[in-house]
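Below is the file work_3.cif, which contains mmCIF, C-alpha atoms (C1' of nucleotides).
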data_target
#
loop_
_atom_site.group_PDB
_atom_site.id
_atom_site.type_symbol
_atom_site.label_atom_id
_atom_site.label_comp_id
_atom_site.auth_asym_id
_atom_site.auth_seq_id
_atom_site.Cartn_x
_atom_site.Cartn_y
_atom_site.Cartn_z
ATOM 1 C CA MET T 1 0.000 0.000 0.000
ATOM 2 C CA PRO T 2 1.462 3.393 -0.983
ATOM 3 C CA LYS T 3 2.047 6.214 1.451
ATOM 4 C CA LEU T 4 -0.265 9.205 1.231
ATOM 5 C CA ARG T 5 1.975 11.965 -0.082
ATOM 6 C CA PRO T 6 0.147 15.288 -0.337
ATOM 7 C CA THR T 7 1.911 16.073 -3.624
ATOM 8 C CA SER T 8 0.513 13.049 -5.406
ATOM 9 C CA LEU T 9 -2.935 13.898 -4.084
ATOM 10 C CA GLN T 10 -2.709 17.410 -5.493
ATOM 11 C CA LYS T 11 -2.104 15.973 -8.943
ATOM 12 C CA ALA T 12 -5.384 14.091 -8.695
ATOM 13 C CA ALA T 13 -7.424 17.205 -7.952
ATOM 14 C CA PRO T 14 -8.075 18.191 -11.594
ATOM 15 C CA VAL T 15 -9.198 14.647 -12.355
ATOM 16 C CA PHE T 16 -11.681 14.681 -9.481
ATOM 17 C CA ALA T 17 -12.871 18.134 -10.508
ATOM 18 C CA ALA T 18 -13.478 16.883 -14.044
ATOM 19 C CA LEU T 19 -15.410 13.901 -12.707
ATOM 20 C CA GLY T 20 -17.484 16.070 -10.376
ATOM 21 C CA ASP T 21 -20.209 16.920 -12.859
ATOM 22 C CA PRO T 22 -23.230 14.761 -13.734
ATOM 23 C CA THR T 23 -23.104 15.659 -17.430
ATOM 24 C CA ARG T 24 -19.459 14.704 -17.710
ATOM 25 C CA LEU T 25 -20.031 11.457 -15.833
ATOM 26 C CA ARG T 26 -22.785 10.709 -18.296
ATOM 27 C CA LEU T 27 -20.408 11.336 -21.189
ATOM 28 C CA ILE T 28 -17.856 9.013 -19.658
ATOM 29 C CA ALA T 29 -20.477 6.313 -19.218
ATOM 30 C CA ALA T 30 -21.512 6.718 -22.865
ATOM 31 C CA LEU T 31 -17.902 6.459 -24.021
ATOM 32 C CA CYS T 32 -17.418 3.410 -21.824
ATOM 33 C CA ALA T 33 -20.326 1.663 -23.472
ATOM 34 C CA GLY T 34 -19.986 3.017 -27.008
ATOM 35 C CA GLY T 35 -16.267 3.242 -27.697
ATOM 36 C CA ALA T 36 -15.437 6.259 -29.875
ATOM 37 C CA LEU T 37 -18.384 8.594 -30.460
ATOM 38 C CA SER T 38 -18.834 11.891 -32.264
ATOM 39 C CA ILE T 39 -19.998 15.088 -30.626
ATOM 40 C CA ALA T 40 -23.348 14.844 -32.420
ATOM 41 C CA GLN T 41 -23.831 11.299 -31.150
ATOM 42 C CA LEU T 42 -22.956 12.350 -27.617
ATOM 43 C CA THR T 43 -25.337 15.289 -27.837
ATOM 44 C CA ALA T 44 -28.262 13.201 -29.094
ATOM 45 C CA GLY T 45 -30.513 12.163 -26.260
ATOM 46 C CA THR T 46 -29.505 15.047 -24.007
ATOM 47 C CA THR T 47 -31.236 18.343 -23.348
ATOM 48 C CA ILE T 48 -28.144 20.518 -23.648
ATOM 49 C CA THR T 49 -26.484 22.057 -26.690
ATOM 50 C CA ARG T 50 -23.737 20.635 -28.842
ATOM 51 C CA GLN T 51 -21.377 23.402 -27.699
ATOM 52 C CA ALA T 52 -22.014 22.566 -24.084
ATOM 53 C CA VAL T 53 -21.076 18.960 -24.810
ATOM 54 C CA THR T 54 -17.953 20.169 -26.589
ATOM 55 C CA LYS T 55 -16.928 22.234 -23.580
ATOM 56 C CA HIS T 56 -17.422 19.296 -21.239
ATOM 57 C CA LEU T 57 -15.392 17.044 -23.516
ATOM 58 C CA GLU T 58 -12.556 19.544 -23.583
ATOM 59 C CA THR T 59 -12.693 19.790 -19.812
ATOM 60 C CA LEU T 60 -12.343 16.022 -19.638
ATOM 61 C CA ALA T 61 -9.497 16.202 -22.148
ATOM 62 C CA GLY T 62 -7.794 18.830 -20.016
ATOM 63 C CA ALA T 63 -7.835 16.387 -17.131
ATOM 64 C CA GLY T 64 -6.353 13.684 -19.353
ATOM 65 C CA LEU T 65 -9.435 11.510 -19.147
ATOM 66 C CA VAL T 66 -10.400 11.548 -22.801
ATOM 67 C CA ARG T 67 -8.864 12.046 -26.231
ATOM 68 C CA ASP T 68 -10.196 13.234 -29.595
ATOM 69 C CA ILE T 69 -9.622 11.726 -33.026
ATOM 70 C CA ARG T 70 -10.239 13.887 -36.050
ATOM 71 C CA GLN T 71 -11.801 11.848 -38.813
ATOM 72 C CA GLY T 72 -13.120 13.684 -41.862
ATOM 73 C CA ARG T 73 -15.719 16.196 -40.821
ATOM 74 C CA GLU T 74 -16.306 14.341 -37.577
ATOM 75 C CA ARG T 75 -14.467 14.507 -34.299
ATOM 76 C CA LEU T 76 -14.565 11.264 -32.399
ATOM 77 C CA TRP T 77 -13.899 11.015 -28.675
ATOM 78 C CA GLU T 78 -12.668 8.027 -26.734
ATOM 79 C CA LEU T 79 -11.662 7.256 -23.176
ATOM 80 C CA LYS T 80 -8.070 7.457 -21.988
ATOM 81 C CA PRO T 81 -7.782 5.221 -18.941
ATOM 82 C CA SER T 82 -4.421 6.288 -17.491
ATOM 83 C CA ARG T 83 -5.582 9.165 -15.293
ATOM 84 C CA ILE T 84 -8.550 7.191 -14.078
ATOM 85 C CA ASP T 85 -6.124 4.662 -12.664
ATOM 86 C CA ASP T 86 -4.200 7.496 -11.014
ATOM 87 C CA ALA T 87 -7.369 8.726 -9.349
ATOM 88 C CA ARG T 88 -8.171 5.182 -8.267
ATOM 89 C CA ARG T 89 -4.766 4.853 -6.670
ATOM 90 C CA SER T 90 -5.298 8.141 -4.827
ATOM 91 C CA LEU T 91 -8.590 6.948 -3.388
ATOM 92 C CA ASP T 92 -6.993 3.642 -2.467
ATOM 93 C CA ALA T 93 -4.241 5.549 -0.672
ATOM 94 C CA ILE T 94 -6.775 7.629 1.263
ATOM 95 C CA ALA T 95 -8.736 4.535 2.242
ATOM 96 C CA ALA T 96 -5.573 2.703 3.289
ATOM 97 C CA GLN T 97 -4.371 5.622 5.385
ATOM 98 C CA TRP T 98 -7.788 5.850 6.976
ATOM 99 C CA ASP T 99 -7.804 2.176 7.895
ATOM 100 C CA GLN T 100 -4.381 2.673 9.399
ATOM 101 C CA ALA T 101 -5.663 5.583 11.485
ATOM 102 C CA LEU T 102 -8.567 3.437 12.676
ATOM 103 C CA GLN T 103 -6.091 0.745 13.639
ATOM 104 C CA ARG T 104 -4.037 3.196 15.671
ATOM 105 C CA LEU T 105 -7.151 4.438 17.442
ATOM 106 C CA LYS T 106 -8.252 0.882 18.208
ATOM 107 C CA SER T 107 -4.930 -0.134 19.740
ATOM 108 C CA PHE T 108 -4.909 3.070 21.765
ATOM 109 C CA VAL T 109 -8.330 2.350 23.253
ATOM 110 C CA GLU T 110 -7.420 -1.218 24.073
ATOM 111 C CA LYS T 111 -4.414 -0.174 26.141
ATOM 112 C CA MET Y 1 -17.282 -6.866 -11.585
ATOM 113 C CA PRO Y 2 -20.314 -4.573 -11.217
ATOM 114 C CA LYS Y 3 -22.180 -3.174 -14.184
ATOM 115 C CA LEU Y 4 -21.809 0.521 -14.887
ATOM 116 C CA ARG Y 5 -25.243 1.915 -14.214
ATOM 117 C CA PRO Y 6 -25.487 5.625 -14.959
ATOM 118 C CA THR Y 7 -27.660 6.191 -11.901
ATOM 119 C CA SER Y 8 -25.022 4.936 -9.477
ATOM 120 C CA LEU Y 9 -22.466 7.109 -11.224
ATOM 121 C CA GLN Y 10 -24.627 10.189 -10.797
ATOM 122 C CA LYS Y 11 -24.644 9.636 -7.057
ATOM 123 C CA ALA Y 12 -20.858 9.780 -7.046
ATOM 124 C CA ALA Y 13 -20.730 13.189 -8.750
ATOM 125 C CA PRO Y 14 -20.976 15.296 -5.556
ATOM 126 C CA VAL Y 15 -18.209 13.247 -3.970
ATOM 127 C CA PHE Y 16 -15.911 13.819 -6.913
ATOM 128 C CA ALA Y 17 -16.821 17.494 -6.953
ATOM 129 C CA ALA Y 18 -15.912 17.754 -3.275
ATOM 130 C CA LEU Y 19 -12.588 16.024 -3.919
ATOM 131 C CA GLY Y 20 -11.825 18.246 -6.908
ATOM 132 C CA ASP Y 21 -10.179 21.034 -4.949
ATOM 133 C CA PRO Y 22 -6.522 21.153 -3.810
ATOM 134 C CA THR Y 23 -7.385 22.799 -0.500
ATOM 135 C CA ARG Y 24 -9.975 20.161 0.347
ATOM 136 C CA LEU Y 25 -7.610 17.360 -0.638
ATOM 137 C CA ARG Y 26 -5.073 18.899 1.696
ATOM 138 C CA LEU Y 27 -7.631 18.916 4.495
ATOM 139 C CA ILE Y 28 -8.420 15.275 3.849
ATOM 140 C CA ALA Y 29 -4.733 14.387 3.927
ATOM 141 C CA ALA Y 30 -4.371 16.220 7.237
ATOM 142 C CA LEU Y 31 -7.358 14.406 8.723
ATOM 143 C CA CYS Y 32 -5.983 11.114 7.450
ATOM 144 C CA ALA Y 33 -2.718 11.694 9.268
ATOM 145 C CA GLY Y 34 -3.971 13.513 12.324
ATOM 146 C CA GLY Y 35 -7.285 11.935 13.247
ATOM 147 C CA ALA Y 36 -9.760 14.506 14.603
ATOM 148 C CA LEU Y 37 -8.569 18.109 14.288
ATOM 149 C CA SER Y 38 -10.083 21.476 15.124
ATOM 150 C CA ILE Y 39 -10.663 24.251 12.622
ATOM 151 C CA ALA Y 40 -7.861 26.306 14.121
ATOM 152 C CA GLN Y 41 -5.465 23.384 13.800
ATOM 153 C CA LEU Y 42 -6.496 22.807 10.202
ATOM 154 C CA THR Y 43 -6.077 26.507 9.437
ATOM 155 C CA ALA Y 44 -2.590 26.726 10.931
ATOM 156 C CA GLY Y 45 0.063 26.336 8.269
ATOM 157 C CA THR Y 46 -2.146 27.511 5.451
ATOM 158 C CA THR Y 47 -2.410 30.898 3.793
ATOM 159 C CA ILE Y 48 -6.193 31.068 3.756
ATOM 160 C CA THR Y 49 -8.616 32.231 6.421
ATOM 161 C CA ARG Y 50 -10.332 30.196 9.091
ATOM 162 C CA GLN Y 51 -13.706 30.887 7.484
ATOM 163 C CA ALA Y 52 -12.474 29.562 4.161
ATOM 164 C CA VAL Y 53 -11.396 26.356 5.905
ATOM 165 C CA THR Y 54 -14.807 26.148 7.558
ATOM 166 C CA LYS Y 55 -16.547 26.456 4.194
ATOM 167 C CA HIS Y 56 -14.394 23.730 2.695
ATOM 168 C CA LEU Y 57 -15.079 21.454 5.635
ATOM 169 C CA GLU Y 58 -18.809 21.974 5.263
ATOM 170 C CA THR Y 59 -18.548 21.233 1.579
ATOM 171 C CA LEU Y 60 -16.812 17.965 2.436
ATOM 172 C CA ALA Y 61 -19.496 17.274 5.030
ATOM 173 C CA GLY Y 62 -22.187 17.902 2.437
ATOM 174 C CA ALA Y 63 -20.641 15.201 0.306
ATOM 175 C CA GLY Y 64 -20.611 12.849 3.294
ATOM 176 C CA LEU Y 65 -16.825 12.666 3.399
ATOM 177 C CA VAL Y 66 -16.314 14.189 6.818
ATOM 178 C CA ARG Y 67 -18.106 14.675 10.126
ATOM 179 C CA ASP Y 68 -17.860 17.249 12.919
ATOM 180 C CA ILE Y 69 -17.781 16.641 16.656
ATOM 181 C CA ARG Y 70 -18.625 19.493 18.978
ATOM 182 C CA GLN Y 71 -16.399 19.416 22.027
ATOM 183 C CA GLY Y 72 -16.495 22.377 24.379
ATOM 184 C CA ARG Y 73 -15.657 25.530 22.505
ATOM 185 C CA GLU Y 74 -13.907 23.522 19.811
ATOM 186 C CA ARG Y 75 -15.298 21.796 16.771
ATOM 187 C CA LEU Y 76 -13.337 18.735 15.766
ATOM 188 C CA TRP Y 77 -13.502 17.184 12.315
ATOM 189 C CA GLU Y 78 -12.802 13.619 11.332
ATOM 190 C CA LEU Y 79 -12.959 11.496 8.201
ATOM 191 C CA LYS Y 80 -16.010 9.438 7.304
ATOM 192 C CA PRO Y 81 -14.868 6.664 4.977
ATOM 193 C CA SER Y 82 -18.128 5.314 3.561
ATOM 194 C CA ARG Y 83 -18.549 7.681 0.627
ATOM 195 C CA ILE Y 84 -14.902 7.348 -0.276
ATOM 196 C CA ASP Y 85 -15.488 3.645 -0.769
ATOM 197 C CA ASP Y 86 -18.493 4.460 -2.959
ATOM 198 C CA ALA Y 87 -16.341 6.698 -5.140
ATOM 199 C CA ARG Y 88 -13.698 3.988 -5.286
ATOM 200 C CA ARG Y 89 -16.266 1.494 -6.486
ATOM 201 C CA SER Y 90 -17.425 3.924 -9.167
ATOM 202 C CA LEU Y 91 -13.900 4.338 -10.488
ATOM 203 C CA ASP Y 92 -13.425 0.584 -10.393
ATOM 204 C CA ALA Y 93 -16.609 0.172 -12.426
ATOM 205 C CA ILE Y 94 -15.418 2.685 -15.008
ATOM 206 C CA ALA Y 95 -12.045 1.007 -15.284
ATOM 207 C CA ALA Y 96 -13.631 -2.436 -15.587
ATOM 208 C CA GLN Y 97 -16.028 -1.271 -18.276
ATOM 209 C CA TRP Y 98 -13.144 0.324 -20.119
ATOM 210 C CA ASP Y 99 -11.096 -2.870 -20.058
ATOM 211 C CA GLN Y 100 -14.133 -4.675 -21.358
ATOM 212 C CA ALA Y 101 -14.463 -2.189 -24.229
ATOM 213 C CA LEU Y 102 -10.791 -2.636 -25.060
ATOM 214 C CA GLN Y 103 -11.344 -6.379 -25.153
ATOM 215 C CA ARG Y 104 -14.251 -6.002 -27.564
ATOM 216 C CA LEU Y 105 -12.179 -3.775 -29.836
ATOM 217 C CA LYS Y 106 -9.307 -6.232 -29.796
ATOM 218 C CA SER Y 107 -11.439 -9.202 -30.792
ATOM 219 C CA PHE Y 108 -13.046 -7.107 -33.526
ATOM 220 C CA VAL Y 109 -9.703 -6.202 -35.044
ATOM 221 C CA GLU Y 110 -8.497 -9.779 -34.901
ATOM 222 C CA LYS Y 111 -11.453 -11.045 -36.916
ATOM 223 C "C1'" DT F 1 -14.909 38.556 36.975
ATOM 224 C "C1'" DG F 2 -12.422 39.750 33.109
ATOM 225 C "C1'" DT F 3 -10.275 38.207 29.060
ATOM 226 C "C1'" DC F 4 -8.555 35.542 25.496
ATOM 227 C "C1'" DC F 5 -9.438 31.746 22.308
ATOM 228 C "C1'" DG F 6 -12.133 29.159 19.074
ATOM 229 C "C1'" DT F 7 -16.281 29.720 16.327
ATOM 230 C "C1'" DG F 8 -20.483 31.228 14.010
ATOM 231 C "C1'" DC F 9 -22.999 34.385 11.077
ATOM 232 C "C1'" DA F 10 -23.734 37.680 7.428
ATOM 233 C "C1'" DA F 11 -22.413 40.554 3.838
ATOM 234 C "C1'" DC F 12 -19.611 41.208 0.147
ATOM 235 C "C1'" DC F 13 -16.448 40.637 -3.981
ATOM 236 C "C1'" DA F 14 -14.007 38.686 -8.013
ATOM 237 C "C1'" DC F 15 -13.926 35.105 -10.937
ATOM 238 C "C1'" DA F 16 -14.772 30.687 -12.983
ATOM 239 C "C1'" DC F 17 -18.209 27.729 -14.847
ATOM 240 C "C1'" DG F 18 -22.248 25.807 -17.216
ATOM 241 C "C1'" DA F 19 -24.927 26.990 -20.910
ATOM 242 C "C1'" DT F 20 -26.737 29.514 -24.829
ATOM 243 C "C1'" DT F 21 -26.891 32.054 -29.370
ATOM 244 C "C1'" DG F 22 -25.163 33.482 -33.822
ATOM 245 C "C1'" DC F 23 -22.219 32.961 -37.534
ATOM 246 C "C1'" DG F 24 -18.839 30.862 -40.552
ATOM 247 C "C1'" DC F 25 -16.065 27.000 -42.201
ATOM 248 C "C1'" DT F 26 -15.147 22.294 -44.059
ATOM 249 C "C1'" DT F 27 -16.593 17.777 -45.365
ATOM 250 C "C1'" DT F 28 -19.956 14.642 -47.315
ATOM 251 C "C1'" DC F 29 -23.385 13.451 -50.600
ATOM 252 C "C1'" DG F 30 -27.313 13.902 -53.960
ATOM 253 C "C1'" DC N 1 -22.413 22.337 -58.134
ATOM 254 C "C1'" DG N 2 -25.418 23.032 -54.278
ATOM 255 C "C1'" DA N 3 -27.215 21.686 -49.895
ATOM 256 C "C1'" DA N 4 -26.998 19.665 -45.590
ATOM 257 C "C1'" DA N 5 -24.302 17.689 -41.788
ATOM 258 C "C1'" DG N 6 -20.749 18.246 -38.337
ATOM 259 C "C1'" DC N 7 -18.091 21.272 -36.153
ATOM 260 C "C1'" DG N 8 -15.314 25.613 -34.378
ATOM 261 C "C1'" DC N 9 -15.126 30.329 -32.648
ATOM 262 C "C1'" DA N 10 -16.578 34.312 -30.123
ATOM 263 C "C1'" DA N 11 -19.636 36.917 -27.357
ATOM 264 C "C1'" DT N 12 -22.857 36.837 -23.786
ATOM 265 C "C1'" DC N 13 -25.418 35.714 -19.473
ATOM 266 C "C1'" DG N 14 -26.730 33.955 -14.849
ATOM 267 C "C1'" DT N 15 -25.149 31.637 -11.139
ATOM 268 C "C1'" DG N 16 -22.141 29.168 -8.205
ATOM 269 C "C1'" DT N 17 -17.841 29.182 -5.744
ATOM 270 C "C1'" DG N 18 -13.563 30.410 -3.335
ATOM 271 C "C1'" DG N 19 -12.171 33.885 -0.450
ATOM 272 C "C1'" DT N 20 -12.327 37.893 2.516
ATOM 273 C "C1'" DT N 21 -13.793 41.240 6.296
ATOM 274 C "C1'" DG N 22 -16.358 42.649 10.354
ATOM 275 C "C1'" DC N 23 -18.766 41.659 14.323
ATOM 276 C "C1'" DA N 24 -20.959 38.936 17.800
ATOM 277 C "C1'" DC N 25 -21.258 34.785 20.860
ATOM 278 C "C1'" DG N 26 -19.940 31.208 24.190
ATOM 279 C "C1'" DG N 27 -16.462 28.367 26.633
ATOM 280 C "C1'" DA N 28 -11.788 28.093 29.166
ATOM 281 C "C1'" DC N 29 -8.955 29.915 32.536
ATOM 282 C "C1'" DA N 30 -6.150 33.403 35.268
#
Can you give me the file's structure in the form of structure tokens?
Amino acid sequence: MPKLRPTSLQKAAPVFAALGDPTRLRLIAALCAGGALSIAQLTAGTTITRQAVTKHLETLAGAGLVRDIRQGRERLWELKPSRIDDARRSLDAIAAQWDQALQRLKSFVEK
Amino acid sequence: MPKLRPTSLQKAAPVFAALGDPTRLRLIAALCAGGALSIAQLTAGTTITRQAVTKHLETLAGAGLVRDIRQGRERLWELKPSRIDDARRSLDAIAAQWDQALQRLKSFVEK
DNA sequence: TGTCCGTGCAACCACACGATTGCGCTTTCG
DNA sequence: CGAAAGCGCAATCGTGTGGTTGCACGGACA
């Protein structure tokens, strides 16, 4: 289990911020299920505008969660799993550190 | 591996939003290492105001990540791990679904 | 009792963010 | 070619958010 270094946590902040929006989570779920999709495809079925979807996708791209592929007049988007794993490791580190703190508290009470 | 239901993802959005701030991640790291800390203790060593720290703590509490304990004239804060595990499971689900999508793509190319 | 110390509350401010509208450009296709 | 589809760019708007200041309140302790 990795130590909880504050610096590595700070790097995960933009990823969490990008994930902290229902619309963007919905986009990620769609890309998970559908592979590479165009902006028009991702906009269909939603109530928001194509430009709004574009902005959200670029926010996700800024966090390294997603990548675009230009193909003719379309612009396809697909998931980029690396940063998601980073965020997972950060949460694992927090949980591990927390369990450790609980352990310390338990042994202190039992004394 | 759990299916990736959009509804369960939506519930994780506020947690991710709460984690998507460097200051709040710093607070979480401090609470991980230090157990229950007061607002004054959490403010010491930072450049921001006590009220700003209070607001961040209440944001974290709103996401169910943290809990306060009134003790005399102090107000101690400690971590509350349940929602963190929820967020972890959400990221695990995304990663699993992504691996699955990669697998589908691979078998399609090999045909 | 007086007096710090730790907080709470309310107002306020600057700025980022989610979202829209309007227009123009390139690619595809009849 | 001409038209429609898919998209980008820029301006705009309301609202949420991070942060501050000022003041008031209650507990701890000499």
If we count all atoms listed in the file and set the cut-off at 12 Å, which residues sit around Asp85 in chain Y, ignoring sequence neighbours fewer than 2 positions away in its own chain? Please answer as a list in words.
Arg88, Ser90, Leu91, Asp92, Ala93, Ile94, Ala95, Ala96, Trp98 and Asp99 of chain T; Ala12, Val15, Phe16, Gly64, Leu65, Lys80, Pro81, Ser82, Arg83, Ala87, Arg88, Arg89, Ser90, Leu91 and Asp92 of chain Y
Could I get chain Y fitted onto chain T (least squares, all C-alpha atoms, in order) as a tab-separated table (two decimals) with C-alpha atoms, in the frame of the given file?
chain	number	residue	atom	x	y	z
Y	1	MET	CA	0.20	-0.03	0.32
Y	2	PRO	CA	1.55	3.34	-0.87
Y	3	LYS	CA	2.14	6.23	1.48
Y	4	LEU	CA	-0.21	9.19	1.22
Y	5	ARG	CA	1.99	11.97	-0.05
Y	6	PRO	CA	0.15	15.28	-0.32
Y	7	THR	CA	1.92	16.10	-3.58
Y	8	SER	CA	0.57	13.05	-5.38
Y	9	LEU	CA	-2.88	13.88	-4.08
Y	10	GLN	CA	-2.68	17.40	-5.46
Y	11	LYS	CA	-2.06	15.99	-8.92
Y	12	ALA	CA	-5.33	14.08	-8.68
Y	13	ALA	CA	-7.39	17.19	-7.93
Y	14	PRO	CA	-8.05	18.18	-11.57
Y	15	VAL	CA	-9.16	14.64	-12.35
Y	16	PHE	CA	-11.64	14.64	-9.50
Y	17	ALA	CA	-12.84	18.09	-10.49
Y	18	ALA	CA	-13.44	16.85	-14.03
Y	19	LEU	CA	-15.37	13.85	-12.71
Y	20	GLY	CA	-17.44	16.01	-10.36
Y	21	ASP	CA	-20.16	16.86	-12.86
Y	22	PRO	CA	-23.20	14.70	-13.71
Y	23	THR	CA	-23.09	15.62	-17.39
Y	24	ARG	CA	-19.43	14.67	-17.71
Y	25	LEU	CA	-20.01	11.41	-15.85
Y	26	ARG	CA	-22.77	10.68	-18.31
Y	27	LEU	CA	-20.41	11.33	-21.20
Y	28	ILE	CA	-17.85	9.00	-19.68
Y	29	ALA	CA	-20.47	6.29	-19.25
Y	30	ALA	CA	-21.49	6.71	-22.89
Y	31	LEU	CA	-17.88	6.46	-24.06
Y	32	CYS	CA	-17.38	3.41	-21.87
Y	33	ALA	CA	-20.29	1.65	-23.53
Y	34	GLY	CA	-19.97	2.99	-27.04
Y	35	GLY	CA	-16.26	3.26	-27.76
Y	36	ALA	CA	-15.44	6.30	-29.93
Y	37	LEU	CA	-18.40	8.63	-30.48
Y	38	SER	CA	-18.85	11.93	-32.28
Y	39	ILE	CA	-20.05	15.12	-30.64
Y	40	ALA	CA	-23.39	14.89	-32.41
Y	41	GLN	CA	-23.87	11.34	-31.16
Y	42	LEU	CA	-22.98	12.36	-27.62
Y	43	THR	CA	-25.37	15.31	-27.83
Y	44	ALA	CA	-28.30	13.23	-29.06
Y	45	GLY	CA	-30.54	12.19	-26.20
Y	46	THR	CA	-29.54	15.05	-23.96
Y	47	THR	CA	-31.26	18.35	-23.28
Y	48	ILE	CA	-28.17	20.52	-23.57
Y	49	THR	CA	-26.54	22.05	-26.62
Y	50	ARG	CA	-23.79	20.64	-28.78
Y	51	GLN	CA	-21.45	23.42	-27.66
Y	52	ALA	CA	-22.05	22.56	-24.03
Y	53	VAL	CA	-21.10	18.96	-24.79
Y	54	THR	CA	-17.99	20.19	-26.57
Y	55	LYS	CA	-16.96	22.24	-23.55
Y	56	HIS	CA	-17.43	19.29	-21.23
Y	57	LEU	CA	-15.40	17.06	-23.51
Y	58	GLU	CA	-12.57	19.57	-23.57
Y	59	THR	CA	-12.69	19.80	-19.81
Y	60	LEU	CA	-12.34	16.02	-19.65
Y	61	ALA	CA	-9.50	16.22	-22.16
Y	62	GLY	CA	-7.78	18.84	-20.03
Y	63	ALA	CA	-7.81	16.40	-17.16
Y	64	GLY	CA	-6.34	13.72	-19.42
Y	65	LEU	CA	-9.42	11.52	-19.19
Y	66	VAL	CA	-10.39	11.58	-22.84
Y	67	ARG	CA	-8.87	12.07	-26.28
Y	68	ASP	CA	-10.23	13.27	-29.63
Y	69	ILE	CA	-9.67	11.77	-33.06
Y	70	ARG	CA	-10.30	13.91	-36.10
Y	71	GLN	CA	-11.88	11.86	-38.85
Y	72	GLY	CA	-13.20	13.68	-41.90
Y	73	ARG	CA	-15.74	16.25	-40.86
Y	74	GLU	CA	-16.35	14.40	-37.61
Y	75	ARG	CA	-14.51	14.55	-34.33
Y	76	LEU	CA	-14.60	11.31	-32.42
Y	77	TRP	CA	-13.91	11.05	-28.70
Y	78	GLU	CA	-12.67	8.06	-26.77
Y	79	LEU	CA	-11.66	7.26	-23.21
Y	80	LYS	CA	-8.06	7.47	-22.04
Y	81	PRO	CA	-7.73	5.24	-18.99
Y	82	SER	CA	-4.38	6.26	-17.51
Y	83	ARG	CA	-5.53	9.16	-15.34
Y	84	ILE	CA	-8.49	7.17	-14.12
Y	85	ASP	CA	-6.06	4.64	-12.71
Y	86	ASP	CA	-4.14	7.47	-11.04
Y	87	ALA	CA	-7.32	8.69	-9.37
Y	88	ARG	CA	-8.11	5.13	-8.32
Y	89	ARG	CA	-4.71	4.81	-6.71
Y	90	SER	CA	-5.25	8.09	-4.85
Y	91	LEU	CA	-8.55	6.87	-3.43
Y	92	ASP	CA	-6.93	3.58	-2.50
Y	93	ALA	CA	-4.20	5.48	-0.67
Y	94	ILE	CA	-6.75	7.54	1.24
Y	95	ALA	CA	-8.72	4.45	2.20
Y	96	ALA	CA	-5.57	2.62	3.28
Y	97	GLN	CA	-4.39	5.53	5.38
Y	98	TRP	CA	-7.82	5.75	6.95
Y	99	ASP	CA	-7.83	2.07	7.88
Y	100	GLN	CA	-4.41	2.59	9.38
Y	101	ALA	CA	-5.69	5.51	11.46
Y	102	LEU	CA	-8.61	3.40	12.65
Y	103	GLN	CA	-6.15	0.71	13.68
Y	104	ARG	CA	-4.10	3.20	15.69
Y	105	LEU	CA	-7.22	4.47	17.44
Y	106	LYS	CA	-8.32	0.95	18.26
Y	107	SER	CA	-5.02	-0.04	19.84
Y	108	PHE	CA	-5.01	3.22	21.80
Y	109	VAL	CA	-8.43	2.55	23.28
Y	110	GLU	CA	-7.52	-1.01	24.17
Y	111	LYS	CA	-4.52	0.08	26.22
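In this model, the gap between CA of Asp21 in chain T and CA of Glu58 in chain Y comes to 18.9 Å.
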Contact set, chain F to chain T: 10 Å, only C-alpha atoms (C1' of nucleotides), as a VMD selection string
chain F and resid 18 to 20 26 to 28
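The smallest atom-to-atom distance between Leu27 in chain T and any of Y:Gln10, Y:Val66, Y:Leu79, Y:Thr54, using all atoms listed in the file, is found for Y:Gln10.
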Need the shell around range 21-30 of chain N: protein/DNA/RNA residues with any atom at most 12 Å away, counting all atoms listed in the file. Skip same-chain ones fewer than 5 positions apart. Format as a list in words?
Thr49, Arg50, Gln51, Ala52, Arg70, Gln71, Gly72, Arg73, Glu74 and Arg75 of chain Y; DT1, DG2, DT3, DC4, DC5, DG6, DT7, DG8, DC9, DA10, DA11, DC12 and DC13 of chain F
For range 76-83 of chain T, supply N, CA and C atoms and report the output as a PDB file, keeping the file's coordinate frame.
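Below you can see selection.pdb, which holds the result:
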ATOM      1  N   LEU T  76     -14.207  12.362 -33.303  1.00  0.00           N
ATOM      2  CA  LEU T  76     -14.565  11.264 -32.399  1.00  0.00           C
ATOM      3  C   LEU T  76     -13.829  11.403 -31.075  1.00  0.00           C
ATOM      4  N   TRP T  77     -14.488  10.953 -30.019  1.00  0.00           N
ATOM      5  CA  TRP T  77     -13.899  11.015 -28.675  1.00  0.00           C
ATOM      6  C   TRP T  77     -13.877   9.627 -28.064  1.00  0.00           C
ATOM      7  N   GLU T  78     -12.775   9.332 -27.391  1.00  0.00           N
ATOM      8  CA  GLU T  78     -12.668   8.027 -26.734  1.00  0.00           C
ATOM      9  C   GLU T  78     -12.004   8.188 -25.375  1.00  0.00           C
ATOM     10  N   LEU T  79     -12.208   7.203 -24.531  1.00  0.00           N
ATOM     11  CA  LEU T  79     -11.662   7.256 -23.176  1.00  0.00           C
ATOM     12  C   LEU T  79     -10.152   7.040 -23.177  1.00  0.00           C
ATOM     13  N   LYS T  80      -9.523   7.569 -22.152  1.00  0.00           N
ATOM     14  CA  LYS T  80      -8.070   7.457 -21.988  1.00  0.00           C
ATOM     15  C   LYS T  80      -7.851   7.025 -20.550  1.00  0.00           C
ATOM     16  N   PRO T  81      -7.617   5.772 -20.297  1.00  0.00           N
ATOM     17  CA  PRO T  81      -7.782   5.221 -18.941  1.00  0.00           C
ATOM     18  C   PRO T  81      -6.688   5.589 -17.954  1.00  0.00           C
ATOM     19  N   SER T  82      -5.569   6.154 -18.400  1.00  0.00           N
ATOM     20  CA  SER T  82      -4.421   6.288 -17.491  1.00  0.00           C
ATOM     21  C   SER T  82      -4.760   7.111 -16.254  1.00  0.00           C
ATOM     22  N   ARG T  83      -5.331   8.293 -16.440  1.00  0.00           N
ATOM     23  CA  ARG T  83      -5.582   9.165 -15.293  1.00  0.00           C
ATOM     24  C   ARG T  83      -6.642   8.587 -14.356  1.00  0.00           C
TER      25      ARG T  83
END
